[in-house]
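> To start, I am sharing the structure in question, which I have written as structure tokens.
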Amino acid sequence: MPHSASEEGVRKTKKVFVASLSLLAAVGTASPALAGDDDENIQVTVDYIPFTVGGTRGEQARNITFDVRSVEATEDGDWFQVDLNDDGEIAFIDSYIYIFAAAPTRGKVGELMGENDDDFENGFGDGTLYGYDSYLELALLPGDYVLAISTYSLSEEEARSGVNFVSGGPYTLETNPSEDWSNFDHGDYSIRASDNFRGSTVFDVDGTIFVVPAPAAGLVLGLAGIAAARRRR
């Protein structure tokens with residue numbers, strides 16, 4: 001959803017930490033671990049969720065809604081924290097999602113179909129508390145697709161490669177004395193995709209984005225195991 005330059009600047013200023021990262025990570029491949037005490041050493045995983053829009057050849061595109069719930073705070077500035085998933089902790093991501101067509105080559109994604117970072121007008125019907133949760137409505141033809149999700153910021157190149165050189169997050173909330181976010185070792189999310197044309201659910205997934213340690217030299221994980229990252233179904 002478009003925002004004014006001033007509004008976007010205020011929101012993003014609170015989210016930006018400088019990051020220097022060095023890992024190619026596939027979802028489900030890394031265990032939670034802090035990369036170090038310095039915010040500049042933080043890198044996080046990207047999750048890949050494959051899905052299919054059913055239908056027959058020649059059928060019209062259908063409107064699919066992708067709705068993320070993660071941020072466990074009710075507003076910017078003065079943080080009012082709420083344990084959305086009842087897991088006894090405040091740990092979340094400022095989500096960023098990309099939708100790609102599936103590629104015929106294993107471990108790859110195809111054409112970019114759409115993306116979203118924040119939405120301050122839509123997506124609150126699932127219990128979302130604040131607009132940093134991603135929300136995207138997208139017309140898709142029948143076929144196979146992949147949703148990539150990680151934390152802000154996530155470029156298209158990073159979403160394709162699995163390398164998320166983040167500017168901050170996952171997050172926990174500082175309650176005293178700070179009223180801002182702190183980087184954390186993991187952040188939970190839920191995402192639901194609904195087919196508005198047929199009224200059916202395409203998928204409903206719970207997941208976790210992890211901070212990961214630097215790998216051994218030359219390690220490349222790619223997107224292998226693309227369907228394996230489902231932490232708490």
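Residue names in the structure tokens use chain letters A, B, ... in the order shown, residue numbers from 1 in each chain, and ligand numbers from 1 in the order shown.
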Find the residues around A:Ser155 up to 10 Å (only C-alpha atoms counted), leave out those fewer than 6 positions away in its own chain, and share them as a PyMOL selection string.
chain A and resi 96-98+115+161+163-166
> With DSSP run on the backbone, what are the strand (DSSP E) residues within stretch 90-219 of chain A? I'd like them as a ChimeraX atom specification.
/A:95-102,109-116,135-140,143-151,171-173,181-183,186-195,200-210
> Give the answer as one residue: which of A:Thr52, A:Ala101, A:Ala193, A:Tyr171 has the shortest atom-to-atom distance to A:Ile209, using only C-alpha atoms?
A:Tyr171
> Find, counting only C-alpha atoms, the residue in A:Asp87, A:Asp119, A:Asp126, A:Glu72 that gets nearest to A:Asp204.
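The answer is A:Asp126, which sits nearest to A:Asp204.
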> Report as a PyMOL selection string all protein, DNA and RNA residues lying within 7 Å of A:Thr128, evaluated on only C-alpha atoms, omitting residues in the same chain fewer than 5 positions from it.
chain A and resi 69+123+133
> Which distance in Å separates atom CA of A:Tyr189 and atom CA of A:Tyr130, to one decimal?
13.3 Å
> Contacts of A:Phe66 at 7 Å or less, counting only C-alpha atoms, minus same-chain residues fewer than 6 places along, as a VMD selection string?
chain A and resid 135 to 137 191 to 194
> Residues as selected, C-alpha atoms, written as a PDB file, in the first residue's frame, can you do that?

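This is the output file result.pdb:
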ATOM      1  CA  TYR A 135      -0.878  -8.219   3.125  1.00  0.00           C
ATOM      2  CA  LEU A 136      -1.184  -8.795  -0.611  1.00  0.00           C
ATOM      3  CA  GLU A 137      -4.078  -9.394  -3.002  1.00  0.00           C
ATOM      4  CA  ILE A 191       0.415 -16.633   7.060  1.00  0.00           C
ATOM      5  CA  ARG A 192      -2.875 -17.546   5.436  1.00  0.00           C
ATOM      6  CA  ALA A 193      -3.649 -17.566   1.730  1.00  0.00           C
ATOM      7  CA  SER A 194      -7.318 -17.518   0.723  1.00  0.00           C
TER       8      SER A 194
END
> Among stretch 31-174 of chain A, which residues carry a DSSP assignment of alpha helix (DSSP H), reported as a list in words?
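Going through stretch 31-174 of chain A, the alpha helix (DSSP H) residues come out as Glu156, Glu157, Glu158, Ala159, Arg160 and Ser161 of chain A.
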> Which of these, A:Ile93, A:Phe124, A:Leu138, A:Thr74, has the shortest distance to A:Asp195 once you count only C-alpha atoms?
A:Leu138
> What gap, in Å, lies between atom CA of A:Asp144 and atom CA of A:Gly199?
18.8 Å
> Measuring between only C-alpha atoms, which one of A:Ser182, A:Gly88, A:Val46, A:Phe197 shows the shortest distance to A:Glu157?
A:Val46
> Just want the 8 Å neighbourhood of A:Tyr152, counted on only C-alpha atoms, with same-chain residues fewer than 6 positions away dropped. Output as number ranges by chain.
A: 15, 93-96, 117, 166-169
> Do you have the atom CA of A:Ala148-atom CA of A:Gly187 distance handy?
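Taking atom CA of A:Ala148 and atom CA of A:Gly187, their separation equals 15.3 Å.
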> Using only C-alpha atoms, which residue out of A:Leu173, A:Leu129, A:Leu112, A:Ala159 lies closest to A:Ile90?
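Smallest distance to A:Ile90 is found for A:Leu173.
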> Using only C-alpha atoms, can you tell me which of A:Gly55, A:Ile64, A:Glu174, A:Val211 comes closest to A:Phe80?
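Under the stated criterion, the closest residue is A:Glu174.
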